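Enquirer: Contents of data.pdb (PDB, C-alpha atoms) are given next:
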```pdb
ATOM      1  CA  MET A   1     -10.825   7.675  -0.280  1.00  0.00           C
ATOM      2  CA  THR A   2     -11.063  11.356   0.516  1.00  0.00           C
ATOM      3  CA  SER A   3      -8.015  13.583   0.622  1.00  0.00           C
ATOM      4  CA  ASP A   4      -8.557  13.968   4.400  1.00  0.00           C
ATOM      5  CA  LYS A   5      -8.354  10.199   4.892  1.00  0.00           C
ATOM      6  CA  LEU A   6      -5.231  10.024   2.707  1.00  0.00           C
ATOM      7  CA  SER A   7      -3.634  12.786   4.783  1.00  0.00           C
ATOM      8  CA  ILE A   8      -4.401  10.920   8.007  1.00  0.00           C
ATOM      9  CA  LEU A   9      -2.957   7.714   6.516  1.00  0.00           C
ATOM     10  CA  LYS A  10       0.211   9.543   5.427  1.00  0.00           C
ATOM     11  CA  GLU A  11       0.614  11.043   8.904  1.00  0.00           C
ATOM     12  CA  LYS A  12       0.144   7.618  10.495  1.00  0.00           C
ATOM     13  CA  TYR A  13       2.890   6.049   8.402  1.00  0.00           C
ATOM     14  CA  LEU A  14       5.204   9.038   8.764  1.00  0.00           C
ATOM     15  CA  SER A  15       4.871   8.718  12.546  1.00  0.00           C
ATOM     16  CA  GLU A  16       5.961   5.074  12.195  1.00  0.00           C
ATOM     17  CA  GLY A  17       9.096   6.078  10.284  1.00  0.00           C
ATOM     18  CA  TYR A  18       7.946   5.433   6.719  1.00  0.00           C
ATOM     19  CA  THR A  19       9.307   8.642   5.226  1.00  0.00           C
ATOM     20  CA  GLY A  20       9.614   9.152   1.487  1.00  0.00           C
ATOM     21  CA  TYR A  21       6.706   6.842   0.633  1.00  0.00           C
ATOM     22  CA  LYS A  22       4.018   7.854  -1.827  1.00  0.00           C
ATOM     23  CA  VAL A  23       0.416   6.733  -1.328  1.00  0.00           C
ATOM     24  CA  VAL A  24      -1.564   5.125  -4.148  1.00  0.00           C
ATOM     25  CA  ASN A  25      -5.277   4.677  -3.537  1.00  0.00           C
ATOM     26  CA  ILE A  26      -6.952   1.537  -4.931  1.00  0.00           C
ATOM     27  CA  ARG A  27     -10.689   1.196  -5.360  1.00  0.00           C
ATOM     28  CA  CYS A  28     -12.294  -1.699  -7.205  1.00  0.00           C
ATOM     29  CA  PRO A  29     -14.545  -0.324  -9.944  1.00  0.00           C
ATOM     30  CA  LYS A  30     -17.652  -2.379  -9.099  1.00  0.00           C
ATOM     31  CA  ASP A  31     -18.638  -4.853  -6.374  1.00  0.00           C
ATOM     32  CA  GLY A  32     -18.726  -8.397  -7.737  1.00  0.00           C
ATOM     33  CA  THR A  33     -16.239  -7.587 -10.523  1.00  0.00           C
ATOM     34  CA  ASP A  34     -12.932  -9.468 -10.703  1.00  0.00           C
ATOM     35  CA  CYS A  35     -10.275  -7.039  -9.448  1.00  0.00           C
ATOM     36  CA  SER A  36      -7.198  -9.246 -10.034  1.00  0.00           C
ATOM     37  CA  ASP A  37      -5.869  -7.567 -13.195  1.00  0.00           C
ATOM     38  CA  TYR A  38      -6.931  -4.119 -12.035  1.00  0.00           C
ATOM     39  CA  ILE A  39      -4.929  -4.396  -8.797  1.00  0.00           C
ATOM     40  CA  THR A  40      -1.968  -5.992 -10.593  1.00  0.00           C
ATOM     41  CA  GLY A  41      -1.872  -3.116 -13.101  1.00  0.00           C
ATOM     42  CA  ILE A  42      -1.839  -0.442 -10.410  1.00  0.00           C
ATOM     43  CA  ILE A  43       0.895  -2.166  -8.414  1.00  0.00           C
ATOM     44  CA  GLU A  44       2.927  -2.949 -11.534  1.00  0.00           C
ATOM     45  CA  ASN A  45       2.923   0.695 -12.684  1.00  0.00           C
ATOM     46  CA  ALA A  46       3.889   2.152  -9.308  1.00  0.00           C
ATOM     47  CA  GLY A  47       7.431   2.473  -8.098  1.00  0.00           C
ATOM     48  CA  ASP A  48       9.141   1.256  -4.965  1.00  0.00           C
ATOM     49  CA  HIS A  49       8.566   2.960  -1.589  1.00  0.00           C
ATOM     50  CA  THR A  50       4.799   2.992  -2.091  1.00  0.00           C
ATOM     51  CA  ILE A  51       1.828   2.522   0.207  1.00  0.00           C
ATOM     52  CA  PHE A  52      -1.053   0.866  -1.646  1.00  0.00           C
ATOM     53  CA  SER A  53      -4.141   1.939   0.269  1.00  0.00           C
ATOM     54  CA  PHE A  54      -7.367   0.077  -0.523  1.00  0.00           C
ATOM     55  CA  ASP A  55     -10.739   1.715  -0.020  1.00  0.00           C
ATOM     56  CA  THR A  56     -12.617  -0.361   2.528  1.00  0.00           C
ATOM     57  CA  GLY A  57     -14.811  -2.849   0.701  1.00  0.00           C
ATOM     58  CA  ARG A  58     -14.943  -6.296  -0.919  1.00  0.00           C
ATOM     59  CA  TYR A  59     -12.524  -7.234  -3.695  1.00  0.00           C
ATOM     60  CA  LEU A  60     -13.257 -10.333  -5.769  1.00  0.00           C
ATOM     61  CA  ILE A  61     -10.047 -12.092  -6.835  1.00  0.00           C
ATOM     62  CA  LYS A  62     -10.538 -14.675  -9.599  1.00  0.00           C
ATOM     63  CA  SER A  63      -6.858 -15.303 -10.371  1.00  0.00           C
ATOM     64  CA  TYR A  64      -4.471 -13.347  -8.101  1.00  0.00           C
ATOM     65  CA  ALA A  65      -2.969  -9.898  -7.769  1.00  0.00           C
ATOM     66  CA  LEU A  66       0.691 -10.055  -8.815  1.00  0.00           C
ATOM     67  CA  VAL A  67       3.280  -8.127  -6.822  1.00  0.00           C
ATOM     68  CA  LYS A  68       6.636  -8.620  -8.531  1.00  0.00           C
ATOM     69  CA  GLY A  69      10.011  -6.938  -8.226  1.00  0.00           C
ATOM     70  CA  LYS A  70       8.947  -4.329  -5.680  1.00  0.00           C
ATOM     71  CA  LYS A  71      10.956  -2.970  -2.771  1.00  0.00           C
ATOM     72  CA  ASP A  72       9.725  -1.318   0.411  1.00  0.00           C
ATOM     73  CA  ILE A  73       5.979  -1.405  -0.171  1.00  0.00           C
ATOM     74  CA  ILE A  74       2.993  -1.489   2.152  1.00  0.00           C
ATOM     75  CA  ILE A  75      -0.323  -3.040   1.199  1.00  0.00           C
ATOM     76  CA  GLU A  76      -2.833  -1.347   3.495  1.00  0.00           C
ATOM     77  CA  GLY A  77      -6.168  -3.135   3.267  1.00  0.00           C
ATOM     78  CA  ASN A  78      -8.083  -0.782   5.584  1.00  0.00           C
ATOM     79  CA  ASN A  79     -10.059  -3.831   6.763  1.00  0.00           C
ATOM     80  CA  SER A  80     -11.131  -4.740   3.234  1.00  0.00           C
ATOM     81  CA  THR A  81     -12.219  -8.265   2.434  1.00  0.00           C
ATOM     82  CA  PHE A  82     -10.451 -10.035  -0.418  1.00  0.00           C
ATOM     83  CA  LEU A  83     -12.745 -12.795  -1.640  1.00  0.00           C
ATOM     84  CA  GLN A  84     -10.968 -15.735  -3.210  1.00  0.00           C
ATOM     85  CA  HIS A  85     -12.923 -17.069  -6.178  1.00  0.00           C
ATOM     86  CA  TYR A  86     -13.986 -20.688  -6.042  1.00  0.00           C
ATOM     87  CA  ASP A  87     -16.180 -22.397  -8.622  1.00  0.00           C
ATOM     88  CA  SER A  88     -16.898 -26.066  -7.895  1.00  0.00           C
ATOM     89  CA  GLN A  89     -18.020 -26.579 -11.505  1.00  0.00           C
ATOM     90  CA  ASN A  90     -15.001 -25.042 -13.236  1.00  0.00           C
ATOM     91  CA  TYR A  91     -11.771 -25.751 -11.339  1.00  0.00           C
ATOM     92  CA  SER A  92      -9.534 -24.150 -13.975  1.00  0.00           C
ATOM     93  CA  GLU A  93     -10.859 -20.688 -13.049  1.00  0.00           C
ATOM     94  CA  ASN A  94     -10.212 -20.970  -9.321  1.00  0.00           C
ATOM     95  CA  SER A  95      -7.754 -18.809  -7.423  1.00  0.00           C
ATOM     96  CA  SER A  96      -5.338 -20.547  -5.091  1.00  0.00           C
ATOM     97  CA  HIS A  97      -4.242 -17.286  -3.461  1.00  0.00           C
ATOM     98  CA  ILE A  98      -5.054 -13.574  -3.284  1.00  0.00           C
ATOM     99  CA  PHE A  99      -1.633 -11.946  -3.680  1.00  0.00           C
ATOM    100  CA  HIS A 100       1.274 -13.599  -5.484  1.00  0.00           C
ATOM    101  CA  ILE A 101       4.445 -11.910  -4.230  1.00  0.00           C
ATOM    102  CA  GLU A 102       7.765 -12.703  -5.881  1.00  0.00           C
ATOM    103  CA  GLU A 103      11.218 -11.116  -6.169  1.00  0.00           C
ATOM    104  CA  CYS A 104      10.263  -8.438  -3.611  1.00  0.00           C
ATOM    105  CA  GLU A 105      11.967  -6.976  -0.556  1.00  0.00           C
ATOM    106  CA  ASN A 106      10.331  -5.510   2.541  1.00  0.00           C
ATOM    107  CA  VAL A 107       6.636  -6.042   1.856  1.00  0.00           C
ATOM    108  CA  VAL A 108       4.232  -5.174   4.674  1.00  0.00           C
ATOM    109  CA  MET A 109       0.581  -6.257   4.536  1.00  0.00           C
ATOM    110  CA  ARG A 110      -1.861  -4.775   7.033  1.00  0.00           C
ATOM    111  CA  ASN A 111      -5.560  -4.897   7.848  1.00  0.00           C
ATOM    112  CA  ILE A 112      -6.514  -7.453   5.213  1.00  0.00           C
ATOM    113  CA  ILE A 113      -9.372  -9.924   5.586  1.00  0.00           C
ATOM    114  CA  VAL A 114      -9.238 -13.023   3.359  1.00  0.00           C
ATOM    115  CA  ASP A 115     -12.413 -14.951   2.632  1.00  0.00           C
ATOM    116  CA  SER A 116     -13.424 -17.644   0.171  1.00  0.00           C
ATOM    117  CA  HIS A 117     -16.460 -19.373  -1.212  1.00  0.00           C
ATOM    118  CA  SER A 118     -15.046 -22.551   0.359  1.00  0.00           C
ATOM    119  CA  ALA A 119     -12.483 -23.706   2.909  1.00  0.00           C
ATOM    120  CA  THR A 120      -8.950 -22.658   1.993  1.00  0.00           C
ATOM    121  CA  GLN A 121      -5.414 -23.247   3.091  1.00  0.00           C
ATOM    122  CA  ILE A 122      -2.912 -20.475   3.644  1.00  0.00           C
ATOM    123  CA  SER A 123       0.849 -20.906   3.449  1.00  0.00           C
ATOM    124  CA  GLY A 124       3.813 -18.611   3.758  1.00  0.00           C
ATOM    125  CA  THR A 125       6.494 -17.485   6.142  1.00  0.00           C
ATOM    126  CA  VAL A 126       5.605 -14.943   8.808  1.00  0.00           C
ATOM    127  CA  ILE A 127       8.717 -12.972   9.693  1.00  0.00           C
ATOM    128  CA  ASN A 128       7.246 -10.571  12.238  1.00  0.00           C
ATOM    129  CA  VAL A 129       3.902  -9.998  13.907  1.00  0.00           C
ATOM    130  CA  GLY A 130       3.190  -6.634  15.424  1.00  0.00           C
TER     131      GLY A 130
END
```
As structure tokens, please, write out the structure in this file.

Expert:
Amino acid sequence: MTSDKLSILKEKYLSEGYTGYKVVNIRCPKDGTDCSDYITGIIENAGDHTIFSFDTGRYLIKSYALVKGKKDIIIEGNNSTFLQHYDSQNYSENSSHIFHIEECENVVMRNIIVDSHSATQISGTVINVG
């Protein structure tokens, strides 16, 4: 993501009242590569009050991206597709979800497209839509 696009994103969130947030850009190294650990590592090493901005693209998730113990974060997908891995021959390597979020407060997820090699089921609690 260019610095101009990051500036526009920062301005957008500042106008919505998200002051004091830092922006961390995430770009999967190579299309078709499992991005689960890569994304987890970036999120794990960042602090609270962070906007995780994904470059628009496809992100293959073979296990899941862990988001643990974070407060006041935004996961901005920028209309990226997160492809859930499914292998009908090897069930032990299948992902049951894209993001595993635990022990967090105030997590916002925006502009994320979830896809799979097969039909999936999605569960969770939606607190607010808007």

Enquirer: Hey, can you check how far CA of Phe99 in chain A sits from CA of Tyr38 in chain A?

Expert: 12.6 Å

Enquirer: Pick out the residues sitting within 8 Å of range 47-57 of chain A, and hand them over as a PyMOL selection string; count only C-alpha atoms, and ignore anything fewer than 3 positions along from it in its own chain.

Expert: chain A and resi 1+20-27+43-44+70-81

Enquirer: Quick check on the file I pasted: which residues fall under the PyMOL selection byres ((chain A and resi 65) around 10)? Write them as a count of residues only.

Expert: 22

Enquirer: For Asn106 in chain A, which residue among A:Lys30, A:His85, A:Gly69, A:Arg58 is the nearest when counting only C-alpha atoms?

Expert: A:Gly69

Enquirer: Starting from the displayed file, determine the output of the PyMOL selection byres ((chain A and resi 115) around 7) and express the residue list as a PDB file with C-alpha atoms, keeping the file's coordinate frame.

Expert:
```
ATOM      1  CA  THR A  81     -12.219  -8.265   2.434  1.00  0.00           C
ATOM      2  CA  PHE A  82     -10.451 -10.035  -0.418  1.00  0.00           C
ATOM      3  CA  LEU A  83     -12.745 -12.795  -1.640  1.00  0.00           C
ATOM      4  CA  GLN A  84     -10.968 -15.735  -3.210  1.00  0.00           C
ATOM      5  CA  ILE A 113      -9.372  -9.924   5.586  1.00  0.00           C
ATOM      6  CA  VAL A 114      -9.238 -13.023   3.359  1.00  0.00           C
ATOM      7  CA  SER A 116     -13.424 -17.644   0.171  1.00  0.00           C
TER       8      SER A 116
END
```

Enquirer: State, in Å with one decimal place, the distance from CA of Gly17 in chain A to CA of Glu102 in chain A.

Expert: 24.8 Å

Enquirer: Quick one: of A:Arg110, A:Tyr59, A:Tyr13, A:Asp34, who's nearest to Asn128 in chain A, counting all atoms listed in the file?

Expert: A:Arg110

Enquirer: Please return the centre and edge lengths, in Å to one decimal, of a box with edges along x, y and z that contains all listed atoms of range 20-32 of chain A, widened by 5 Å on every side, as JSON.

Expert:
```
{"center_x": -4.6, "center_y": 0.4, "center_z": -4.2, "size_x": 38.3, "size_y": 27.5, "size_z": 21.4}
```

Enquirer: Quick one: pull the distance between CA of Ile127 in chain A and CA of Val108 in chain A, Å, one decimal.

Expert: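 These atoms are spaced 10.3 Å apart.
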
Enquirer: With only C-alpha atoms as the basis for distance, which of A:Leu60, A:Glu11, A:Asn45, A:Glu103 is at the shortest distance from Thr33 in chain A?

Expert: A:Leu60

Enquirer: With all heavy atoms as the goal, would you fill in the gaps in range 107-118 of chain A and present it as a PDB file, keeping the file's coordinate frame?

Expert:
```pdb
ATOM      1  N   VAL A 107       8.063  -6.201   2.137  1.00  0.00           N
ATOM      2  CA  VAL A 107       6.636  -6.042   1.856  1.00  0.00           C
ATOM      3  C   VAL A 107       5.871  -6.170   3.171  1.00  0.00           C
ATOM      4  O   VAL A 107       6.027  -7.146   3.900  1.00  0.00           O
ATOM      5  CB  VAL A 107       6.131  -7.101   0.858  1.00  0.00           C
ATOM      6  CG1 VAL A 107       4.629  -6.986   0.650  1.00  0.00           C
ATOM      7  CG2 VAL A 107       6.870  -6.980  -0.469  1.00  0.00           C
ATOM      8  N   VAL A 108       5.066  -5.166   3.478  1.00  0.00           N
ATOM      9  CA  VAL A 108       4.232  -5.174   4.674  1.00  0.00           C
ATOM     10  C   VAL A 108       2.778  -5.243   4.215  1.00  0.00           C
ATOM     11  O   VAL A 108       2.363  -4.483   3.345  1.00  0.00           O
ATOM     12  CB  VAL A 108       4.452  -3.897   5.525  1.00  0.00           C
ATOM     13  CG1 VAL A 108       3.483  -3.851   6.701  1.00  0.00           C
ATOM     14  CG2 VAL A 108       5.889  -3.809   5.998  1.00  0.00           C
ATOM     15  N   MET A 109       2.014  -6.156   4.819  1.00  0.00           N
ATOM     16  CA  MET A 109       0.581  -6.257   4.536  1.00  0.00           C
ATOM     17  C   MET A 109      -0.158  -6.032   5.845  1.00  0.00           C
ATOM     18  O   MET A 109       0.148  -6.670   6.843  1.00  0.00           O
ATOM     19  CB  MET A 109       0.255  -7.631   3.955  1.00  0.00           C
ATOM     20  CG  MET A 109       0.968  -7.892   2.654  1.00  0.00           C
ATOM     21  SD  MET A 109       0.633  -9.526   1.993  1.00  0.00           S
ATOM     22  CE  MET A 109      -0.965  -9.248   1.274  1.00  0.00           C
ATOM     23  N   ARG A 110      -1.134  -5.128   5.817  1.00  0.00           N
ATOM     24  CA  ARG A 110      -1.861  -4.775   7.033  1.00  0.00           C
ATOM     25  C   ARG A 110      -3.362  -4.716   6.784  1.00  0.00           C
ATOM     26  O   ARG A 110      -3.806  -4.321   5.711  1.00  0.00           O
ATOM     27  CB  ARG A 110      -1.441  -3.391   7.530  1.00  0.00           C
ATOM     28  CG  ARG A 110      -0.053  -3.315   8.053  1.00  0.00           C
ATOM     29  CD  ARG A 110       0.190  -1.925   8.585  1.00  0.00           C
ATOM     30  NE  ARG A 110       1.447  -1.875   9.294  1.00  0.00           N
ATOM     31  CZ  ARG A 110       1.930  -0.778   9.818  1.00  0.00           C
ATOM     32  NH1 ARG A 110       1.281   0.352   9.716  1.00  0.00           N
ATOM     33  NH2 ARG A 110       3.075  -0.799  10.454  1.00  0.00           N
ATOM     34  N   ASN A 111      -4.114  -5.099   7.820  1.00  0.00           N
ATOM     35  CA  ASN A 111      -5.560  -4.897   7.848  1.00  0.00           C
ATOM     36  C   ASN A 111      -6.269  -5.486   6.633  1.00  0.00           C
ATOM     37  O   ASN A 111      -7.077  -4.823   5.985  1.00  0.00           O
ATOM     38  CB  ASN A 111      -5.886  -3.403   8.005  1.00  0.00           C
ATOM     39  CG  ASN A 111      -5.216  -2.816   9.235  1.00  0.00           C
ATOM     40  OD1 ASN A 111      -5.287  -3.401  10.307  1.00  0.00           O
ATOM     41  ND2 ASN A 111      -4.557  -1.692   9.072  1.00  0.00           N
ATOM     42  N   ILE A 112      -5.937  -6.739   6.343  1.00  0.00           N
ATOM     43  CA  ILE A 112      -6.514  -7.453   5.213  1.00  0.00           C
ATOM     44  C   ILE A 112      -7.314  -8.641   5.739  1.00  0.00           C
ATOM     45  O   ILE A 112      -6.828  -9.403   6.569  1.00  0.00           O
ATOM     46  CB  ILE A 112      -5.410  -7.943   4.254  1.00  0.00           C
ATOM     47  CG1 ILE A 112      -4.751  -6.738   3.584  1.00  0.00           C
ATOM     48  CG2 ILE A 112      -5.958  -8.917   3.227  1.00  0.00           C
ATOM     49  CD1 ILE A 112      -3.552  -7.084   2.746  1.00  0.00           C
ATOM     50  N   ILE A 113      -8.522  -8.789   5.246  1.00  0.00           N
ATOM     51  CA  ILE A 113      -9.372  -9.924   5.586  1.00  0.00           C
ATOM     52  C   ILE A 113      -9.473 -10.797   4.343  1.00  0.00           C
ATOM     53  O   ILE A 113      -9.801 -10.304   3.259  1.00  0.00           O
ATOM     54  CB  ILE A 113     -10.772  -9.453   6.023  1.00  0.00           C
ATOM     55  CG1 ILE A 113     -10.653  -8.544   7.244  1.00  0.00           C
ATOM     56  CG2 ILE A 113     -11.685 -10.653   6.290  1.00  0.00           C
ATOM     57  CD1 ILE A 113     -11.907  -7.740   7.538  1.00  0.00           C
ATOM     58  N   VAL A 114      -9.169 -12.086   4.488  1.00  0.00           N
ATOM     59  CA  VAL A 114      -9.238 -13.023   3.359  1.00  0.00           C
ATOM     60  C   VAL A 114     -10.419 -13.950   3.586  1.00  0.00           C
ATOM     61  O   VAL A 114     -10.581 -14.517   4.662  1.00  0.00           O
ATOM     62  CB  VAL A 114      -7.929 -13.837   3.230  1.00  0.00           C
ATOM     63  CG1 VAL A 114      -8.043 -14.861   2.112  1.00  0.00           C
ATOM     64  CG2 VAL A 114      -6.747 -12.907   2.991  1.00  0.00           C
ATOM     65  N   ASP A 115     -11.245 -14.077   2.564  1.00  0.00           N
ATOM     66  CA  ASP A 115     -12.413 -14.951   2.632  1.00  0.00           C
ATOM     67  C   ASP A 115     -12.483 -15.744   1.338  1.00  0.00           C
ATOM     68  O   ASP A 115     -11.801 -15.429   0.361  1.00  0.00           O
ATOM     69  CB  ASP A 115     -13.679 -14.115   2.823  1.00  0.00           C
ATOM     70  CG  ASP A 115     -14.854 -14.934   3.349  1.00  0.00           C
ATOM     71  OD1 ASP A 115     -14.694 -16.156   3.543  1.00  0.00           O
ATOM     72  OD2 ASP A 115     -15.927 -14.353   3.552  1.00  0.00           O
ATOM     73  N   SER A 116     -13.290 -16.784   1.345  1.00  0.00           N
ATOM     74  CA  SER A 116     -13.424 -17.644   0.171  1.00  0.00           C
ATOM     75  C   SER A 116     -14.822 -18.214   0.130  1.00  0.00           C
ATOM     76  O   SER A 116     -15.532 -18.240   1.132  1.00  0.00           O
ATOM     77  CB  SER A 116     -12.399 -18.784   0.251  1.00  0.00           C
ATOM     78  OG  SER A 116     -12.559 -19.652  -0.849  1.00  0.00           O
ATOM     79  N   HIS A 117     -15.187 -18.672  -1.059  1.00  0.00           N
ATOM     80  CA  HIS A 117     -16.460 -19.373  -1.212  1.00  0.00           C
ATOM     81  C   HIS A 117     -16.407 -20.742  -0.550  1.00  0.00           C
ATOM     82  O   HIS A 117     -17.420 -21.384  -0.363  1.00  0.00           O
ATOM     83  CB  HIS A 117     -16.801 -19.545  -2.694  1.00  0.00           C
ATOM     84  CG  HIS A 117     -17.073 -18.255  -3.387  1.00  0.00           C
ATOM     85  ND1 HIS A 117     -16.363 -17.855  -4.494  1.00  0.00           N
ATOM     86  CD2 HIS A 117     -17.969 -17.271  -3.140  1.00  0.00           C
ATOM     87  CE1 HIS A 117     -16.807 -16.690  -4.899  1.00  0.00           C
ATOM     88  NE2 HIS A 117     -17.787 -16.310  -4.099  1.00  0.00           N
ATOM     89  N   SER A 118     -15.208 -21.233  -0.254  1.00  0.00           N
ATOM     90  CA  SER A 118     -15.046 -22.551   0.359  1.00  0.00           C
ATOM     91  C   SER A 118     -13.854 -22.516   1.307  1.00  0.00           C
ATOM     92  O   SER A 118     -13.135 -21.527   1.375  1.00  0.00           O
ATOM     93  CB  SER A 118     -14.822 -23.614  -0.717  1.00  0.00           C
ATOM     94  OG  SER A 118     -13.579 -23.400  -1.335  1.00  0.00           O
TER      95      SER A 118
END
```
